[in-house]
Amino acid sequence: MTDSATTVAPPLVLRSDVRAARRRLAGQLRKTPVFHTTVAGFPVSLKLEYLQHGGTFQFRGALNALLTVAERPERVVLAAGGNAGIAVALAAARLGLACTVVVPETAPHSKVAAMWSHGAEVRWQGTTHDAACAHAVELAAEQGALYLPAHDTPAVIAGAGVLGLELEVQVRGRPPVLAAVGGGALIGGLAAALGRRQPVLGVEPERRALLRAALRAERPVAVPAAGSAGPDRIGAIALELARRAAVPVLTVPDDAVDAARDQLWREFRIVVEPAGAAALAALLSGAFVPDPGRRTVVVLCGANGDPAGR
């Protein structure tokens with residue numbers, strides 16, 4: 001069981017859907033700031049999305065999804081190993097809904113604690129995201145609750161895309177935007193919002209390149225990684241949006257991500273989790289080389305790592 005259906009064409013998310021999400025979410029999000037600076041000699045605009053409610057961009061999509069449900073449920077159930085669970089727990093609490101997050105046993109304790117802090121019930125199931133998904137679907141059916149696929153729901157992706165509309169206003173000239181791929185909601189949202197108007201590039205760790213594998217296979221395919229609590233394949237909607245917007249995929253080694261995190265802390269006292277630093281790692285490692293003098297937007301998308309290990 002996964003968040004993605006691959007037997008039928010996925011629904012499209014259009015720029016108009018993202019605009020509708022922006023109107024719906026007005027006054028309920030932080031319009032996260034952009035910091036214009038220079039990193040390793042390159043002009044860079046850092047989108048400080050880790051300052052979003054819940055410490056993750058995923059709050060945008062979680063709240064949009066719950067606000068668009070035709071009939072408001074009493075409880076929402078999802079499977080998540082990290083930030084998606086935190087975001088939905090927070091969004092549900094804002095709307096007065098109960099929330100259950102099914103997490104694999106590999107979920108980081110710091111992120112489970114954050115889910116608890118927002119009032120979520122947390123249940124452990126299996127060692128993989130697929131096992132957690134299967135149990136979440138069963139649990140939602142038993143409880144008559146809303147099951148929310150955290151990475152492959154149109155409203156989740158449209159909500160994430162509001163970040164792209166903000167960037168259009170905050171950074172002029174349509175520079176390339178580097179963003180982590182993860183399960184696909186962020187890169188899908190940016191692709192829906194910006195399309196081919198502005199270059200969007202996805203960044204993934206070499207050991208878990210979900211979008212790269214899907215583009216090669218022309219469908220979402222599993223890319224297992226030992227110890228990972230996140231999805232092992234890209235969402236079908238995000239894949240289709242990446243295709244339509246011709247999103248290139250850049251891969252970076254783990255040590256490049258570690259170096260990017262270190263540099264963010266050393267130079268700016270910014271603490272982000274590995275996924276939050278992946279986009280900057282592409283620039284620092286040479287996986288992405290900007291045109292001389294051209295500015296690059298780097299999305300720092302989350303800061304819910306273990307504080308002890310940054």
# chains A, B, ... in the order shown; residues from 1 in each chain; ligands from 1
$ select_by_dssp --residues "region 6-215 of chain A" --states "helix (DSSP H, G or I)" --output "NGL selection string"
:A and (15-25 or 49-51 or 53-55 or 58-67 or 83-94 or 109-117 or 129-143 or 154-170 or 185-194 or 206-208 or 210-215)
$ residues_around --residues "Asp258 (chain A)" --least-positions-apart "4" --cutoff "12 Å" --atoms "only C-alpha atoms" --output "list in words"
Pro205, Val252, Pro253, Asp254, Asp262, Gln263, Leu264, Trp265, Val271, Val272, Glu273, Pro274, Ala275, Gly276, Ala277, Ala278, Ala279, Leu280, Ala281, Ala282, Leu284, Ser285, Gly309 and Arg310 of chain A
$ closest_atom_pairs --of "region 107-170 of chain A" --to "region 14-37 of chain A" --cutoff "9 Å" --atoms "only C-alpha atoms" --output "CSV"
residue,atom,partner,partner_atom,distance
A:Pro154,CA,A:Asp17,CA,8.7
A:Ala155,CA,A:Ala21,CA,7.9
A:Ile157,CA,A:Val18,CA,8.2
A:Ala158,CA,A:Val18,CA,4.6
A:Gly159,CA,A:Ala21,CA,5.5
A:Ala160,CA,A:Val18,CA,8.1
A:Gly161,CA,A:Val18,CA,5.7
A:Val162,CA,A:Arg22,CA,5.7
A:Leu163,CA,A:Lys31,CA,8.1
A:Gly164,CA,A:Val18,CA,9.0
A:Leu165,CA,A:Arg19,CA,7.9
A:Glu166,CA,A:Lys31,CA,7.3
A:Leu167,CA,A:Val34,CA,8.3
A:Gln170,CA,A:Val34,CA,7.0
$ write_last_selection --atoms "N, CA and C atoms" --output "mmCIF file, in the first residue's frame"
data_model
loop_
_atom_site.group_PDB
_atom_site.id
_atom_site.type_symbol
_atom_site.label_atom_id
_atom_site.label_comp_id
_atom_site.auth_asym_id
_atom_site.auth_seq_id
_atom_site.Cartn_x
_atom_site.Cartn_y
_atom_site.Cartn_z
ATOM 1 N N PRO A 154 -4.011 16.200 -4.396
ATOM 2 C CA PRO A 154 -3.979 17.477 -5.132
ATOM 3 C C PRO A 154 -3.974 18.710 -4.232
ATOM 4 N N ALA A 155 -4.811 18.715 -3.196
ATOM 5 C CA ALA A 155 -4.890 19.899 -2.337
ATOM 6 C C ALA A 155 -3.617 20.102 -1.533
ATOM 7 N N ILE A 157 -0.578 19.351 -2.626
ATOM 8 C CA ILE A 157 0.395 19.890 -3.577
ATOM 9 C C ILE A 157 0.065 21.334 -3.926
ATOM 10 N N ALA A 158 -1.213 21.635 -4.094
ATOM 11 C CA ALA A 158 -1.597 23.024 -4.392
ATOM 12 C C ALA A 158 -1.216 23.949 -3.245
ATOM 13 N N GLY A 159 -1.418 23.489 -2.010
ATOM 14 C CA GLY A 159 -1.033 24.303 -0.866
ATOM 15 C C GLY A 159 0.458 24.551 -0.818
ATOM 16 N N ALA A 160 1.249 23.510 -1.089
ATOM 17 C CA ALA A 160 2.696 23.680 -1.115
ATOM 18 C C ALA A 160 3.111 24.671 -2.201
ATOM 19 N N GLY A 161 2.364 24.690 -3.303
ATOM 20 C CA GLY A 161 2.697 25.579 -4.411
ATOM 21 C C GLY A 161 2.574 27.050 -4.092
ATOM 22 N N VAL A 162 1.843 27.388 -3.025
ATOM 23 C CA VAL A 162 1.720 28.801 -2.640
ATOM 24 C C VAL A 162 3.098 29.398 -2.364
ATOM 25 N N LEU A 163 4.019 28.569 -1.909
ATOM 26 C CA LEU A 163 5.400 29.015 -1.712
ATOM 27 C C LEU A 163 5.980 29.577 -3.015
ATOM 28 N N GLY A 164 5.678 28.929 -4.133
ATOM 29 C CA GLY A 164 6.167 29.398 -5.425
ATOM 30 C C GLY A 164 5.599 30.749 -5.810
ATOM 31 N N LEU A 165 4.315 30.975 -5.510
ATOM 32 C CA LEU A 165 3.709 32.277 -5.800
ATOM 33 C C LEU A 165 4.355 33.373 -4.959
ATOM 34 N N GLU A 166 4.715 33.056 -3.724
ATOM 35 C CA GLU A 166 5.426 34.023 -2.890
ATOM 36 C C GLU A 166 6.766 34.392 -3.514
ATOM 37 N N LEU A 167 7.468 33.379 -4.010
ATOM 38 C CA LEU A 167 8.792 33.631 -4.583
ATOM 39 C C LEU A 167 8.719 34.548 -5.801
ATOM 40 N N GLN A 170 8.803 37.898 -4.243
ATOM 41 C CA GLN A 170 9.946 38.195 -3.383
ATOM 42 C C GLN A 170 11.266 38.282 -4.129
#
$ residues_around --residues "Gly81 (chain A)" --least-positions-apart "3" --cutoff "8 Å" --atoms "only C-alpha atoms" --output "list in words"
Ala84, Gly85, Val102, Val103, Pro104, Thr106, Ala107, Pro108, Lys111, Val112, His129, Ala229 and Gly230 of chain A
$ write_last_selection --atoms "N, CA, C and O atoms" --output "compact mmCIF listing (two decimals), in the first residue's frame"
# COMPACT_ATOMS: atom_id res chain seq x y z
N ALA A 84 5.37 15.52 7.56
CA ALA A 84 3.97 15.50 7.13
C ALA A 84 3.07 15.22 8.33
O ALA A 84 1.98 15.82 8.45
N GLY A 85 3.49 14.35 9.22
CA GLY A 85 2.71 14.07 10.41
C GLY A 85 2.62 15.28 11.33
O GLY A 85 1.57 15.57 11.91
N VAL A 102 -0.01 7.35 11.88
CA VAL A 102 0.61 6.02 11.93
C VAL A 102 2.04 6.16 11.43
O VAL A 102 2.26 6.63 10.30
N VAL A 103 2.98 5.80 12.27
CA VAL A 103 4.39 5.98 11.92
C VAL A 103 5.09 4.62 11.90
O VAL A 103 4.75 3.72 12.66
N PRO A 104 6.07 4.45 11.01
CA PRO A 104 6.89 3.24 11.07
C PRO A 104 7.81 3.30 12.29
O PRO A 104 8.05 4.38 12.85
N THR A 106 10.78 3.21 12.48
CA THR A 106 12.01 3.95 12.20
C THR A 106 11.83 5.46 12.31
O THR A 106 12.78 6.21 12.11
N ALA A 107 10.62 5.92 12.63
CA ALA A 107 10.36 7.36 12.71
C ALA A 107 11.23 8.00 13.79
O ALA A 107 11.35 7.46 14.89
N PRO A 108 11.84 9.16 13.51
CA PRO A 108 12.68 9.83 14.52
C PRO A 108 11.87 10.24 15.74
O PRO A 108 10.76 10.77 15.62
N LYS A 111 10.61 13.84 15.97
CA LYS A 111 9.45 14.19 15.14
C LYS A 111 8.16 13.60 15.72
O LYS A 111 7.10 14.23 15.67
N VAL A 112 8.24 12.41 16.29
CA VAL A 112 7.08 11.84 16.96
C VAL A 112 6.68 12.73 18.14
O VAL A 112 5.49 13.00 18.37
N HIS A 129 7.31 2.81 5.37
CA HIS A 129 6.21 3.72 5.10
C HIS A 129 5.01 2.97 4.51
O HIS A 129 3.85 3.28 4.84
N ALA A 229 12.20 6.48 7.37
CA ALA A 229 10.79 6.45 7.75
C ALA A 229 9.90 7.09 6.71
O ALA A 229 8.68 7.06 6.83
N GLY A 230 10.48 7.67 5.65
CA GLY A 230 9.71 8.38 4.64
C GLY A 230 9.26 7.46 3.52
O GLY A 230 9.59 6.27 3.49
$ residues_around --residues "Arg295 (chain A)" --least-positions-apart "6" --cutoff "9 Å" --atoms "only C-alpha atoms" --output "PyMOL selection string"
chain A and resi 42-45+173+175-176
$ write_last_selection --atoms "N, CA and C atoms" --output "PDB file, in the first residue's frame"
ATOM      1  N   PHE A  42      28.544  32.819  -4.795  1.00  0.00           N
ATOM      2  CA  PHE A  42      27.364  32.862  -5.654  1.00  0.00           C
ATOM      3  C   PHE A  42      26.287  33.754  -5.023  1.00  0.00           C
ATOM      4  N   PRO A  43      25.635  34.612  -5.808  1.00  0.00           N
ATOM      5  CA  PRO A  43      24.481  35.340  -5.268  1.00  0.00           C
ATOM      6  C   PRO A  43      23.314  34.379  -5.062  1.00  0.00           C
ATOM      7  N   VAL A  44      22.789  34.377  -3.853  1.00  0.00           N
ATOM      8  CA  VAL A  44      21.761  33.398  -3.475  1.00  0.00           C
ATOM      9  C   VAL A  44      20.650  34.099  -2.705  1.00  0.00           C
ATOM     10  N   SER A  45      19.430  33.663  -2.953  1.00  0.00           N
ATOM     11  CA  SER A  45      18.294  34.077  -2.138  1.00  0.00           C
ATOM     12  C   SER A  45      17.793  32.846  -1.394  1.00  0.00           C
ATOM     13  N   GLY A 173      13.083  38.580 -11.534  1.00  0.00           N
ATOM     14  CA  GLY A 173      13.995  38.090 -12.569  1.00  0.00           C
ATOM     15  C   GLY A 173      13.867  36.626 -12.883  1.00  0.00           C
ATOM     16  N   PRO A 175      14.757  33.733 -11.330  1.00  0.00           N
ATOM     17  CA  PRO A 175      15.960  32.902 -11.221  1.00  0.00           C
ATOM     18  C   PRO A 175      15.600  31.441 -10.995  1.00  0.00           C
ATOM     19  N   PRO A 176      16.532  30.521 -11.213  1.00  0.00           N
ATOM     20  CA  PRO A 176      16.258  29.111 -10.948  1.00  0.00           C
ATOM     21  C   PRO A 176      15.997  28.878  -9.463  1.00  0.00           C
TER      22      PRO A 176
END
$ residues_around --residues "Pro149 (chain A)" --least-positions-apart "3" --cutoff "8 Å" --atoms "only C-alpha atoms" --output "list in words"
Asp3, Leu78, Ala79, Asp152 and Thr153 of chain A
$ atom_distance --atom1 "CA of Leu178 (chain A)" --atom2 "CA of Arg207 (chain A)"
18.7 Å
$ residues_around --residues "Val177 (chain A)" --least-positions-apart "3" --cutoff "9 Å" --atoms "only C-alpha atoms" --output "list in words"
Arg174, Leu190, Gln198, Pro199, Val200, Leu201, Gly202, Ala279, Thr296, Val297, Val298 and Val299 of chain A
$ write_last_selection --atoms "C-alpha atoms" --output "mmCIF file, in the first residue's frame"
data_model
loop_
_atom_site.group_PDB
_atom_site.id
_atom_site.type_symbol
_atom_site.label_atom_id
_atom_site.label_comp_id
_atom_site.auth_asym_id
_atom_site.auth_seq_id
_atom_site.Cartn_x
_atom_site.Cartn_y
_atom_site.Cartn_z
ATOM 1 C CA ARG A 174 12.724 34.495 -12.452
ATOM 2 C CA LEU A 190 6.517 24.515 -7.273
ATOM 3 C CA GLN A 198 10.736 29.887 -14.030
ATOM 4 C CA PRO A 199 13.258 27.036 -13.791
ATOM 5 C CA VAL A 200 12.576 24.615 -10.934
ATOM 6 C CA LEU A 201 15.198 21.994 -10.107
ATOM 7 C CA GLY A 202 14.714 19.054 -7.756
ATOM 8 C CA ALA A 279 19.013 22.248 -2.125
ATOM 9 C CA THR A 296 19.784 31.282 -7.431
ATOM 10 C CA VAL A 297 16.845 30.692 -5.082
ATOM 11 C CA VAL A 298 17.461 27.967 -2.499
ATOM 12 C CA VAL A 299 14.495 26.684 -0.492
#
$ closest_residue --among "A:Ala245, A:Ala89, A:Leu239, A:Val101" --to "Gly195 (chain A)" --atoms "only C-alpha atoms"
A:Ala245
$ closest_residue --among "A:Arg233, A:Arg72, A:His53, A:Arg196" --to "Ala246 (chain A)" --atoms "only C-alpha atoms"
A:Arg196
$ closest_residue --among "A:Ala91, A:Leu46, A:Gly82, A:Arg266" --to "Phe59 (chain A)" --atoms "only C-alpha atoms"
A:Ala91
$ closest_residue --among "A:Ala287, A:Ala259, A:Ala80, A:Ala185" --to "Thr127 (chain A)" --atoms "only C-alpha atoms"
A:Ala80
$ decode --residues "region 118-130 of chain A" --atoms "C-alpha atoms" --output "PDB file, in the first residue's frame"
ATOM      1  CA  HIS A 118       0.239  19.194  18.618  1.00  0.00           C
ATOM      2  CA  GLY A 119      -2.248  16.747  20.132  1.00  0.00           C
ATOM      3  CA  ALA A 120      -1.944  13.852  17.678  1.00  0.00           C
ATOM      4  CA  GLU A 121      -2.418  10.235  18.623  1.00  0.00           C
ATOM      5  CA  VAL A 122       0.607   8.330  17.339  1.00  0.00           C
ATOM      6  CA  ARG A 123       0.548   4.629  16.490  1.00  0.00           C
ATOM      7  CA  TRP A 124       3.524   2.572  15.366  1.00  0.00           C
ATOM      8  CA  GLN A 125       3.156   0.037  12.582  1.00  0.00           C
ATOM      9  CA  GLY A 126       5.894  -1.920  10.819  1.00  0.00           C
ATOM     10  CA  THR A 127       9.290  -0.717   9.702  1.00  0.00           C
ATOM     11  CA  THR A 128       8.376   0.897   6.375  1.00  0.00           C
ATOM     12  CA  HIS A 129       6.206   3.720   5.102  1.00  0.00           C
ATOM     13  CA  ASP A 130       4.165   1.204   3.064  1.00  0.00           C
TER      14      ASP A 130
END
